[in-house]
$ cat upload07.cif   # mmCIF, C-alpha atoms and all ligand atoms
data_input
#
loop_
_atom_site.label_atom_id
_atom_site.label_comp_id
_atom_site.auth_asym_id
_atom_site.auth_seq_id
_atom_site.Cartn_x
_atom_site.Cartn_y
_atom_site.Cartn_z
CA MET D 718 -12.50 -11.40 -7.16
CA ASP D 719 -10.13 -9.14 -5.19
CA LEU D 720 -7.81 -7.83 -7.87
CA SER D 721 -7.42 -7.38 -11.62
CA ILE D 722 -4.00 -6.43 -12.96
CA VAL D 723 -4.41 -4.77 -16.34
CA ILE D 724 -1.34 -4.77 -18.60
CA PRO D 725 -1.36 -3.11 -22.04
CA THR D 726 1.07 -4.68 -24.49
CA PHE D 727 2.45 -3.80 -27.87
CA ASN D 728 5.20 -6.06 -29.24
CA GLU D 729 6.38 -7.31 -25.84
CA ARG D 730 7.08 -10.95 -26.69
CA GLY D 731 10.19 -11.07 -24.49
CA ASN D 732 8.52 -9.45 -21.48
CA VAL D 733 5.07 -10.98 -20.99
CA ARG D 734 6.26 -14.25 -19.48
CA PRO D 735 8.70 -12.71 -16.97
CA ILE D 736 6.18 -10.10 -15.85
CA ALA D 737 3.36 -12.63 -15.40
CA GLU D 738 5.59 -15.01 -13.47
CA ARG D 739 7.01 -12.31 -11.24
CA ILE D 740 3.51 -11.08 -10.37
CA ILE D 741 2.38 -14.63 -9.61
CA GLN D 742 5.43 -15.08 -7.41
CA ALA D 743 4.91 -11.74 -5.66
CA LEU D 744 1.30 -12.61 -4.82
CA ALA D 745 1.95 -16.26 -3.88
CA GLY D 746 0.63 -17.07 -0.42
CA ALA D 747 -0.91 -13.62 0.12
CA GLY D 748 -4.40 -15.08 -0.11
CA TYR D 749 -5.85 -12.77 -2.76
CA SER D 750 -7.94 -13.93 -5.68
CA TYR D 751 -6.71 -12.19 -8.80
CA GLU D 752 -6.42 -12.15 -12.57
CA ILE D 753 -3.70 -10.82 -14.88
CA LEU D 754 -5.34 -9.33 -17.91
CA PHE D 755 -3.23 -8.48 -20.96
CA VAL D 756 -4.77 -6.19 -23.55
CA ASP D 757 -2.59 -6.74 -26.55
CA ASP D 758 -2.31 -4.79 -29.80
CA SER D 759 0.91 -6.48 -30.93
CA ARG D 760 1.90 -7.00 -34.50
CA ASP D 761 4.56 -9.59 -33.55
CA ASP D 762 4.04 -13.02 -32.01
CA THR D 763 3.26 -11.76 -28.48
CA PRO D 764 -0.28 -13.27 -28.74
CA THR D 765 1.24 -16.73 -29.24
CA VAL D 766 3.25 -16.35 -26.04
CA LEU D 767 0.15 -15.00 -24.26
CA ALA D 768 -1.87 -18.03 -25.39
CA GLN D 769 0.79 -20.36 -23.95
CA LEU D 770 0.80 -18.41 -20.68
CA ALA D 771 -2.99 -18.48 -20.42
CA ALA D 772 -2.96 -22.26 -20.97
CA GLN D 773 -0.35 -22.69 -18.27
CA TYR D 774 -1.73 -20.28 -15.62
CA PRO D 775 -5.50 -20.01 -15.09
CA CYS D 776 -5.10 -16.47 -13.67
CA VAL D 777 -3.68 -15.18 -16.97
CA LYS D 778 -6.18 -13.88 -19.52
CA PHE D 779 -5.68 -11.85 -22.65
CA LEU D 780 -7.49 -10.03 -25.38
CA HIS D 781 -5.85 -9.43 -28.73
CA ARG D 782 -7.05 -6.46 -30.79
CA SER D 783 -5.91 -6.60 -34.38
CA GLU D 784 -7.83 -3.55 -35.57
CA GLU D 785 -7.27 -1.10 -32.78
CA ARG D 786 -4.19 0.51 -31.16
CA GLY D 787 -3.54 2.82 -28.25
CA LEU D 788 -2.26 2.47 -24.71
CA ALA D 789 -5.04 4.39 -22.96
CA SER D 790 -7.82 2.72 -24.93
CA ALA D 791 -6.29 -0.69 -24.17
CA VAL D 792 -6.37 0.11 -20.45
CA VAL D 793 -10.01 1.21 -20.63
CA LYS D 794 -10.83 -1.99 -22.50
CA GLY D 795 -9.08 -3.88 -19.70
CA PHE D 796 -11.27 -2.08 -17.13
CA SER D 797 -14.42 -3.20 -18.88
CA LEU D 798 -13.28 -6.84 -19.05
CA SER D 799 -11.94 -6.97 -15.50
CA ALA D 800 -13.72 -8.46 -12.50
CA GLY D 801 -11.67 -7.39 -9.46
CA ASN D 802 -12.77 -4.98 -6.73
CA TYR D 803 -9.34 -3.44 -7.03
CA ILE D 804 -7.54 -2.72 -10.29
CA ILE D 805 -3.82 -2.22 -10.79
CA VAL D 806 -2.47 -0.95 -14.13
CA MET D 807 1.18 -1.46 -15.07
CA ASP D 808 3.46 -1.66 -18.10
CA ALA D 809 4.65 -5.02 -19.42
CA ASP D 810 8.28 -4.08 -19.86
CA LEU D 811 9.37 -4.61 -16.21
CA GLN D 812 10.06 -0.88 -15.71
CA HIS D 813 7.37 -1.08 -13.02
CA PRO D 814 8.57 -3.59 -10.40
CA PRO D 815 5.97 -6.39 -9.94
CA GLU D 816 7.12 -6.79 -6.33
CA LEU D 817 5.24 -3.56 -5.54
CA VAL D 818 1.88 -5.13 -6.40
CA PRO D 819 1.14 -6.60 -2.93
CA ILE D 820 2.16 -3.31 -1.29
CA ILE D 821 -0.16 -1.29 -3.55
CA LEU D 822 -2.88 -3.73 -2.68
CA LYS D 823 -2.38 -3.16 1.06
CA ARG D 824 -2.35 0.62 0.59
CA LEU D 825 -5.66 0.43 -1.28
CA ALA D 826 -7.21 -0.23 2.11
CA LEU D 827 -6.14 3.33 3.05
CA ALA D 828 -6.93 5.27 -0.12
CA ASP D 829 -9.10 5.26 -3.23
CA VAL D 830 -6.15 5.63 -5.61
CA VAL D 831 -2.56 4.50 -4.97
CA ILE D 832 0.21 5.92 -7.17
CA PRO D 833 3.78 4.68 -6.95
CA SER D 834 5.88 7.78 -7.61
CA ARG D 835 9.29 8.31 -9.16
CA PHE D 836 9.44 11.85 -7.82
CA ILE D 837 9.13 11.70 -4.05
CA SER D 838 11.96 11.03 -1.63
CA GLY D 839 13.10 7.42 -2.06
CA GLY D 840 11.91 7.20 -5.67
CA SER D 841 13.95 7.52 -8.87
CA ASP D 842 13.50 7.68 -12.61
CA GLY D 843 16.92 6.21 -13.33
CA GLY D 844 15.67 4.37 -16.40
CA LEU D 845 15.38 7.51 -18.55
CA ASN D 846 18.10 9.36 -20.43
CA ILE D 847 18.52 13.11 -19.85
CA PHE D 848 16.48 14.05 -22.94
CA ARG D 849 13.53 11.82 -22.00
CA LYS D 850 13.77 13.22 -18.46
CA LEU D 851 13.42 16.77 -19.73
CA VAL D 852 10.49 15.91 -22.02
CA SER D 853 8.82 14.02 -19.20
CA TRP D 854 9.35 16.87 -16.71
CA THR D 855 7.95 19.49 -19.10
CA ALA D 856 4.94 17.31 -19.87
CA ARG D 857 4.21 16.79 -16.20
CA MET D 858 4.58 20.49 -15.36
CA LEU D 859 2.25 21.52 -18.19
CA GLY D 860 -0.37 19.06 -16.98
CA ARG D 861 -0.08 20.23 -13.40
CA LEU D 862 -0.21 23.88 -14.41
CA ALA D 863 -3.31 23.45 -16.56
CA ILE D 864 -5.25 21.03 -14.37
CA ARG D 865 -5.82 21.85 -10.74
CA ARG D 866 -6.60 18.29 -9.66
CA LEU D 867 -3.14 17.18 -10.76
CA ARG D 868 -1.24 19.82 -8.83
CA ALA D 869 -0.95 17.82 -5.64
CA ILE D 870 0.08 14.61 -7.42
CA SER D 871 3.82 14.15 -7.95
CA ASP D 872 3.67 11.46 -10.66
CA CYS D 873 0.43 12.14 -12.51
CA THR D 874 1.81 10.82 -15.83
CA SER D 875 2.63 7.42 -14.38
CA GLY D 876 1.56 4.27 -16.18
CA PHE D 877 1.59 2.44 -12.82
CA PHE D 878 -1.29 2.84 -10.33
CA GLY D 879 -3.97 1.06 -8.37
CA LEU D 880 -7.57 2.01 -7.67
CA HIS D 881 -10.89 0.87 -6.31
CA ARG D 882 -13.28 -0.11 -9.06
CA SER D 883 -15.76 2.46 -7.71
CA VAL D 884 -13.39 5.29 -8.75
CA ILE D 885 -14.06 4.65 -12.44
CA ALA D 886 -17.49 3.02 -12.20
CA THR D 887 -19.41 6.06 -13.43
CA ALA D 888 -16.59 7.99 -15.13
CA ASN D 889 -17.03 8.53 -18.81
CA LEU D 890 -13.50 7.70 -19.96
CA ASP D 891 -12.80 8.77 -23.49
CA PRO D 892 -9.11 8.15 -23.84
CA ILE D 893 -6.67 9.61 -26.30
CA GLY D 894 -2.98 8.83 -26.17
CA TRP D 895 -1.14 7.50 -23.15
CA LYS D 896 -1.96 9.25 -19.94
CA ILE D 897 -5.01 7.41 -18.75
CA LEU D 898 -4.18 8.13 -15.10
CA MET D 899 -4.60 11.87 -15.70
CA GLU D 900 -8.03 11.29 -17.16
CA ILE D 901 -9.01 9.12 -14.20
CA LEU D 902 -7.79 11.79 -11.79
CA VAL D 903 -9.90 14.42 -13.58
CA LYS D 904 -13.07 12.39 -14.09
CA GLY D 905 -12.95 9.72 -11.38
CA ASP D 906 -14.88 9.62 -8.14
CA TYR D 907 -12.38 9.65 -5.24
CA HIS D 908 -11.02 11.82 -2.49
CA ALA D 909 -8.04 10.04 -0.93
CA ILE D 910 -4.80 9.44 -2.82
CA HIS D 911 -1.73 7.67 -1.54
CA GLU D 912 1.77 7.92 -3.01
CA LEU D 913 4.71 5.66 -2.35
CA PRO D 914 8.22 5.92 -3.80
CA TYR D 915 9.66 3.44 -6.29
CA ALA D 916 12.61 3.14 -8.63
CA PHE D 917 11.64 3.17 -12.30
CA ILE D 918 13.87 0.50 -13.88
CA ALA D 919 15.72 0.78 -17.20
CA ARG D 920 14.05 -1.15 -20.01
CA ASP D 921 16.28 -3.99 -21.21
CA ASN D 922 14.01 -5.78 -23.64
CA GLY D 923 12.44 -4.10 -26.67
CA GLU D 924 12.10 -0.31 -26.81
CA SER D 925 9.78 2.53 -25.83
CA LYS D 926 6.87 3.03 -28.19
CA MET D 927 6.44 6.72 -27.51
CA THR D 928 6.54 9.00 -30.58
CA TRP D 929 6.29 12.76 -31.30
CA LYS D 930 2.69 12.24 -32.36
CA ASP D 931 2.10 10.97 -28.81
CA GLN D 932 3.52 14.22 -27.40
CA TYR D 933 1.15 16.23 -29.57
CA ASP D 934 -1.78 14.07 -28.52
CA TYR D 935 -0.76 14.71 -24.93
CA LEU D 936 -1.22 18.48 -25.38
CA ARG D 937 -4.66 17.90 -26.93
CA HIS D 938 -5.48 15.64 -24.04
CA ILE D 939 -4.53 18.31 -21.46
CA VAL D 940 -6.69 20.93 -23.14
CA ARG D 941 -9.61 18.52 -23.31
CA LEU D 942 -9.26 17.51 -19.68
CA ALA D 943 -8.86 21.12 -18.57
CA ARG D 944 -12.19 21.98 -20.17
CA HIS D 945 -13.80 19.42 -17.93
CA ASN D 946 -13.42 21.65 -14.87
CA PRO D 947 -14.75 25.24 -15.26
CA GLU D 948 -11.97 26.72 -13.15
CA ASP D 949 -9.24 25.08 -15.26
CA ALA D 950 -11.02 26.23 -18.42
CA ARG D 951 -11.03 29.81 -17.09
CA PHE D 952 -7.30 29.58 -16.36
CA ILE D 953 -6.49 28.50 -19.92
CA THR D 954 -8.67 31.27 -21.40
CA PHE D 955 -7.02 33.78 -19.04
CA CYS D 956 -3.57 32.71 -20.30
CA LEU D 957 -4.72 32.99 -23.93
CA VAL D 958 -6.11 36.50 -23.33
CA GLY D 959 -2.80 37.46 -21.69
CA ALA D 960 -0.88 36.04 -24.64
CA VAL D 961 -2.97 38.09 -27.10
CA GLY D 962 -2.40 41.14 -24.88
CA VAL D 963 1.34 41.06 -25.66
CA PRO D 964 1.06 41.83 -29.43
CA VAL D 965 -1.64 44.40 -28.60
CA ASN D 966 0.83 46.05 -26.25
CA LEU D 967 3.66 46.01 -28.85
CA LEU D 968 1.41 47.24 -31.65
CA GLY D 969 0.16 50.07 -29.43
CA LEU D 970 3.74 51.03 -28.62
CA THR D 971 4.72 51.06 -32.30
CA ILE D 972 1.76 53.28 -33.21
CA LEU D 973 2.33 55.70 -30.32
CA LEU D 974 6.01 56.06 -31.18
CA ASN D 975 5.75 56.34 -34.93
CA LEU D 976 2.43 58.10 -35.49
CA PHE D 977 2.18 60.24 -32.38
CA GLY D 978 5.88 60.73 -31.68
CA LEU D 979 5.41 60.15 -27.94
CA ASP D 980 8.29 59.98 -25.48
CA VAL D 981 9.39 56.32 -25.08
CA ALA D 982 8.64 55.95 -21.35
CA LEU D 983 5.24 57.57 -21.74
CA ALA D 984 4.44 55.52 -24.84
CA SER D 985 5.41 52.35 -22.99
CA VAL D 986 3.11 53.12 -20.06
CA VAL D 987 0.20 54.07 -22.34
CA ALA D 988 0.68 50.89 -24.41
CA SER D 989 0.65 48.77 -21.24
CA VAL D 990 -2.50 50.47 -20.01
CA MET D 991 -4.13 49.85 -23.42
CA ALA D 992 -3.17 46.18 -23.20
CA MET D 993 -4.59 46.04 -19.70
CA ILE D 994 -7.92 47.48 -20.83
CA HIS D 995 -7.93 44.99 -23.70
CA ASN D 996 -7.26 42.12 -21.30
CA PHE D 997 -9.89 43.32 -18.86
CA LEU D 998 -12.59 43.50 -21.52
CA TRP D 999 -11.85 40.06 -22.95
CA ASN D 1000 -11.62 38.52 -19.51
CA ASP D 1001 -14.90 40.14 -18.54
CA ILE D 1002 -16.66 39.01 -21.72
CA VAL D 1003 -15.07 35.58 -22.26
CA THR D 1004 -13.10 34.26 -19.28
CA TRP D 1005 -15.56 35.12 -16.51
CA ARG D 1006 -18.64 35.56 -18.69
CA ILE D 1007 -21.92 35.69 -16.82
CA GLN D 1008 -25.53 35.78 -17.91
CA LYS D 1009 -26.53 39.02 -16.22
CA ARG D 1010 -24.18 41.99 -16.42
CA PRO D 1011 -23.66 43.82 -13.11
CA PRO D 1012 -24.32 47.60 -12.96
CA LEU D 1013 -21.75 49.94 -14.45
CA TRP D 1014 -20.34 51.13 -11.11
CA ARG D 1015 -19.65 47.51 -10.17
CA ARG D 1016 -17.78 46.91 -13.38
CA GLY D 1017 -15.80 50.12 -12.87
CA LEU D 1018 -14.83 48.76 -9.47
CA GLN D 1019 -13.88 45.44 -11.07
CA PHE D 1020 -11.65 47.30 -13.49
CA LEU D 1021 -9.87 48.97 -10.57
CA GLN D 1022 -9.45 45.61 -8.87
CA PHE D 1023 -8.08 44.15 -12.09
CA ALA D 1024 -5.68 47.08 -12.44
CA LEU D 1025 -4.46 46.63 -8.88
CA VAL D 1026 -3.89 42.91 -9.42
CA SER D 1027 -2.01 43.69 -12.65
CA ALA D 1028 0.16 46.28 -10.89
CA LEU D 1029 1.09 43.72 -8.24
CA SER D 1030 1.88 41.18 -10.98
CA ILE D 1031 4.28 43.65 -12.55
CA ALA D 1032 5.89 44.16 -9.13
CA ILE D 1033 6.22 40.38 -8.58
CA THR D 1034 7.87 39.97 -11.99
CA ALA D 1035 10.24 42.88 -11.38
CA ALA D 1036 11.17 41.47 -7.97
CA PHE D 1037 12.20 38.18 -9.56
CA ALA D 1038 14.19 39.83 -12.37
CA HIS D 1039 15.93 42.01 -9.79
CA THR D 1040 16.66 39.18 -7.34
CA PHE D 1041 18.08 37.00 -10.11
CA PHE D 1042 20.22 39.92 -11.26
CA VAL D 1043 21.71 40.76 -7.86
CA THR D 1044 22.45 37.10 -7.11
CA GLY D 1045 24.40 36.85 -10.38
CA TRP D 1046 21.85 34.80 -12.32
CA ASN D 1047 20.32 35.70 -15.64
CA PRO D 1048 17.69 38.44 -15.12
CA ILE D 1049 15.76 37.23 -18.19
CA ALA D 1050 15.33 33.84 -16.51
CA GLY D 1051 14.17 35.72 -13.42
CA GLN D 1052 11.68 37.70 -15.50
CA LEU D 1053 10.35 34.43 -16.97
CA VAL D 1054 9.94 32.81 -13.56
CA GLY D 1055 8.28 36.02 -12.37
CA ILE D 1056 5.86 36.03 -15.32
CA ILE D 1057 4.82 32.43 -14.64
CA LEU D 1058 4.21 33.07 -10.95
CA ALA D 1059 2.52 36.40 -11.60
CA THR D 1060 0.20 34.79 -14.15
CA TRP D 1061 -0.82 32.17 -11.68
CA TRP D 1062 -1.21 34.67 -8.84
CA SER D 1063 -3.22 37.16 -10.90
CA PHE D 1064 -5.53 34.40 -12.10
CA VAL D 1065 -6.31 33.28 -8.57
CA ALA D 1066 -6.74 36.86 -7.34
CA ASN D 1067 -9.04 37.81 -10.23
CA ASP D 1068 -10.98 34.57 -10.00
CA ARG D 1069 -11.66 34.79 -6.26
CA TRP D 1070 -11.69 38.56 -5.73
CA THR D 1071 -12.35 40.60 -8.90
CA TRP D 1072 -14.98 38.26 -10.34
CA GLY D 1073 -15.79 36.54 -7.04
CA ARG D 1074 -15.93 32.88 -8.06
CA PRO D 1075 -15.84 30.41 -5.20
CA GLU D 1076 -13.56 27.38 -5.30
CA SER D 1077 -15.32 24.76 -7.35
CA GLN D 1078 -13.77 21.46 -6.33
CA PRO D 1079 -13.69 19.58 -3.05
CA ALA D 1080 -10.26 19.24 -1.49
CA LEU D 1081 -8.17 16.14 -2.06
CA VAL D 1082 -6.49 14.20 0.69
CA VAL D 1083 -3.02 13.17 -0.43
CA THR D 1084 -0.87 11.00 1.83
CA ARG D 1085 2.72 10.04 1.11
CA GLU D 1086 5.02 7.47 2.50
CA TYR D 1087 8.77 7.40 2.26
CA ALA D 1088 11.22 4.54 1.93
CA GLY D 1089 11.27 2.66 5.23
CA ASP D 1090 7.90 3.89 6.56
CA SER D 1091 6.08 1.05 8.26
CA LEU D 1092 2.39 1.22 7.49
N1 LIG W 1 -2.23 -2.45 -25.95
C1 LIG W 1 -1.31 -1.51 -26.23
N2 LIG W 1 -1.47 -0.71 -27.34
N3 LIG W 1 -0.23 -1.36 -25.43
C2 LIG W 1 0.68 -0.42 -25.74
C3 LIG W 1 0.56 0.44 -26.87
C4 LIG W 1 -0.59 0.26 -27.69
O1 LIG W 1 -0.79 0.94 -28.70
N4 LIG W 1 1.65 1.26 -26.89
C5 LIG W 1 2.40 0.93 -25.82
N5 LIG W 1 1.84 -0.09 -25.14
C6 LIG W 1 2.32 -0.76 -23.92
C7 LIG W 1 3.75 -1.25 -23.98
O2 LIG W 1 3.84 -2.54 -24.53
C8 LIG W 1 4.14 -1.22 -22.51
O3 LIG W 1 3.69 -2.35 -21.82
C9 LIG W 1 3.39 -0.02 -22.00
O4 LIG W 1 2.28 0.20 -22.87
C10 LIG W 1 4.26 1.24 -21.92
O5 LIG W 1 4.89 1.45 -23.17
P1 LIG W 1 6.43 1.90 -23.28
O6 LIG W 1 6.71 2.03 -24.72
O7 LIG W 1 7.30 1.00 -22.46
O8 LIG W 1 6.34 3.33 -22.61
P2 LIG W 1 7.42 4.19 -21.82
O9 LIG W 1 8.30 3.33 -20.96
O10 LIG W 1 8.07 5.12 -22.77
O11 LIG W 1 6.47 5.06 -20.85
C11 LIG W 1 5.71 4.40 -19.87
O12 LIG W 1 6.11 4.68 -18.57
C12 LIG W 1 5.98 6.03 -18.19
C13 LIG W 1 6.33 6.16 -16.73
O13 LIG W 1 5.52 5.36 -15.91
C14 LIG W 1 4.25 4.77 -20.02
O14 LIG W 1 3.46 4.03 -19.09
C15 LIG W 1 4.07 6.25 -19.77
O15 LIG W 1 2.68 6.58 -19.87
C16 LIG W 1 4.58 6.56 -18.38
O16 LIG W 1 4.61 7.97 -18.20
MN MN W 2 8.38 1.39 -20.77
#
$ encode --input "upload07.cif" --output "structure tokens"
Amino acid sequence: MDLSIVIPTFNERGNVRPIAERIIQALAGAGYSYEILFVDDSRDDTPTVLAQLAAQYPCVKFLHRSEERGLASAVVKGFSLSAGNYIIVMDADLQHPPELVPIILKRLALADVVIPSRFISGGSDGGLNIFRKLVSWTARMLGRLAIRRLRAISDCTSGFFGLHRSVIATANLDPIGWKILMEILVKGDYHAIHELPYAFIARDNGESKMTWKDQYDYLRHIVRLARHNPEDARFITFCLVGAVGVPVNLLGLTILLNLFGLDVALASVVASVMAMIHNFLWNDIVTWRIQKRPPLWRRGLQFLQFALVSALSIAITAAFAHTFFVTGWNPIAGQLVGIILATWWSFVANDRWTWGRPESQPALVVTREYAGDSL
């Protein structure tokens, strides 16, 4: 069989018939053999509608789970039941246009994974209100910051994507929450990704099932996925060490001022140097831990390298605060942007230079098309 379309459903009684029929229509005459596989956890009468659909169209199949729930686990269940060489995953609520299915299928000849994207030129996420947009943006940025593999992908939290079966054949998928695509991108076997723009449509039947618990699960999911790749794990530990360095710095300052009566500028510099030594030691012992310790002179040199990188980070941060200030923006916002960039820069510099770790992952090939491209 050429294609399996896996659709997770939870209380979608009004949507399953239109989506199945629009997919059938979109694929009519294209000459592919395919199945539409619903994995349903509904507590309403969606299964009754699915049974009618399956009786009417031989390509429609469904599994109803009355004990289990979860979007990602439903998709993984769908993978294990599916028979197609290609798999496309999409939502049931018509926010993902079924007319894109044959195009994704064609693009799968060019890439291992095809991701329709709301966030490249020609795409739009018009179906979300401003609050959902902000939550969705923050979630995506956190994922892309923590996980290197996701950085080149514009819509890594999408519930709409296509892949070759071989991508997930040996991946040990252990899904929590919603973002199964992120897990596939971290654990799957692939090297070429293709993105194409699409307009995410407003939902007009039923409502979103996303809850605050899902947002919390998402953070757990990111941390778990980040631990999968040693470099991402080092980055998270590096950020944690840096975060602990801040109270160390402030505590040091308080002690120097109150117990030793130091001049403020001097106390501030000494406190920062103390925090830097603290950060260096923890990074040396935990973040970049190695079995065999190098000789003392080498570690002294590493400390100097670390200090130099830190000094440059401070300069980067100050440059942003200053630039924001002179252009009339809020210097605190500039400082924050500077801190984020400096953190990222100092991690890369320390990883590659101070502690000399080579890049650990093969490069990805990401191709993009824009509205109107003829491929
Ligand atoms: N089987 C099953 N079990 N399906 C579920 C469950 C569940 O526990 N929860 C939700 N679904 C199904 C819904 O019925 C729908 O088909 C699909 O998963 C997406 O659920 P929505 O409630 O419509 O999610 P959303 O619109 O807020 O977010 C979706 O779109 C975003 C953008 O592509 C999700 O796919 C997000 O992961 C995605 O980021
Ligand atoms: Mn939806």
$ closest_residue --input "upload07.cif" --among "D:Ala1032, D:Ile804, D:Val1003, D:Ala809" --to "ligand MN 2 (chain W)" --atoms "all atoms listed in the file"
D:Ala809
$ closest_residue --input "upload07.cif" --among "D:Ala737, D:Ala826, D:Leu754, D:Met927" --to "ligand LIG 1 (chain W)" --atoms "only C-alpha atoms and all ligand atoms"
D:Met927
$ closest_residue --input "upload07.cif" --among "D:Gly731, D:Ile820, D:Ala745, D:Leu942" --to "Arg861 in chain D" --atoms "all atoms listed in the file"
D:Leu942
$ closest_atom_pairs --input "upload07.cif" --of "chain D" --to "ligand LIG 1 (chain W)" --cutoff "6 Å" --atoms "all atoms listed in the file" --output "tab-separated table"
residue	atom	partner	partner_atom	distance
D:Pro725	CA	W:LIG1	N3	4.0
D:Thr726	CA	W:LIG1	O2	3.5
D:Phe727	CA	W:LIG1	O2	3.8
D:Glu729	CA	W:LIG1	O2	5.6
D:Val756	CA	W:LIG1	N1	5.1
D:Asp757	CA	W:LIG1	N1	4.3
D:Asp758	CA	W:LIG1	N1	4.5
D:Arg786	CA	W:LIG1	O1	4.2
D:Gly787	CA	W:LIG1	O1	3.4
D:Leu788	CA	W:LIG1	C4	4.1
D:Ala791	CA	W:LIG1	N1	4.8
D:Asp808	CA	W:LIG1	O3	3.8
D:Ala809	CA	W:LIG1	O3	3.7
D:Asp810	CA	W:LIG1	O3	5.3
D:Thr874	CA	W:LIG1	O16	4.6
D:Ser875	CA	W:LIG1	O13	3.9
D:Gly876	CA	W:LIG1	O14	3.5
D:Phe877	CA	W:LIG1	O13	5.8
D:Trp895	CA	W:LIG1	O15	5.1
D:Lys896	CA	W:LIG1	O15	5.4
D:Ser925	CA	W:LIG1	O6	3.3
D:Lys926	CA	W:LIG1	O6	3.6
D:Met927	CA	W:LIG1	O10	5.3
$ closest_residue --input "upload07.cif" --among "D:Ala800, D:Val1054, D:Ala789, D:Val940" --to "Leu898 in chain D" --atoms "only C-alpha atoms"
D:Ala789
$ decode --input "upload07.cif" --residues "range 795-824 of chain D" --atoms "C-alpha atoms" --output "PDB file, in the first residue's frame"
ATOM      1  CA  GLY D 795      -1.853   4.403  14.238  1.00  0.00           C
ATOM      2  CA  PHE D 796       1.742   3.883  13.021  1.00  0.00           C
ATOM      3  CA  SER D 797       1.778   0.338  14.315  1.00  0.00           C
ATOM      4  CA  LEU D 798      -1.550  -0.518  12.655  1.00  0.00           C
ATOM      5  CA  SER D 799      -0.764   1.185   9.355  1.00  0.00           C
ATOM      6  CA  ALA D 800       0.413  -0.534   6.179  1.00  0.00           C
ATOM      7  CA  GLY D 801       1.482   2.281   3.829  1.00  0.00           C
ATOM      8  CA  ASN D 802       5.027   3.022   2.667  1.00  0.00           C
ATOM      9  CA  TYR D 803       4.239   6.645   3.341  1.00  0.00           C
ATOM     10  CA  ILE D 804       2.385   7.951   6.380  1.00  0.00           C
ATOM     11  CA  ILE D 805       0.602  11.278   6.720  1.00  0.00           C
ATOM     12  CA  VAL D 806      -0.648  12.463  10.122  1.00  0.00           C
ATOM     13  CA  MET D 807      -3.327  15.150  10.385  1.00  0.00           C
ATOM     14  CA  ASP D 808      -6.004  16.457  12.742  1.00  0.00           C
ATOM     15  CA  ALA D 809      -9.664  15.574  12.212  1.00  0.00           C
ATOM     16  CA  ASP D 810     -11.047  19.051  12.713  1.00  0.00           C
ATOM     17  CA  LEU D 811     -10.376  20.364   9.159  1.00  0.00           C
ATOM     18  CA  GLN D 812      -7.789  22.879  10.413  1.00  0.00           C
ATOM     19  CA  HIS D 813      -5.344  20.973   8.199  1.00  0.00           C
ATOM     20  CA  PRO D 814      -6.638  21.214   4.608  1.00  0.00           C
ATOM     21  CA  PRO D 815      -7.129  17.703   3.127  1.00  0.00           C
ATOM     22  CA  GLU D 816      -6.409  19.116  -0.341  1.00  0.00           C
ATOM     23  CA  LEU D 817      -2.728  19.254   0.654  1.00  0.00           C
ATOM     24  CA  VAL D 818      -2.520  15.464   0.979  1.00  0.00           C
ATOM     25  CA  PRO D 819      -1.669  14.723  -2.688  1.00  0.00           C
ATOM     26  CA  ILE D 820       0.943  17.507  -2.677  1.00  0.00           C
ATOM     27  CA  ILE D 821       2.613  16.141   0.467  1.00  0.00           C
ATOM     28  CA  LEU D 822       2.627  12.766  -1.201  1.00  0.00           C
ATOM     29  CA  LYS D 823       4.446  14.142  -4.256  1.00  0.00           C
ATOM     30  CA  ARG D 824       6.980  15.948  -2.071  1.00  0.00           C
TER      31      ARG D 824
END
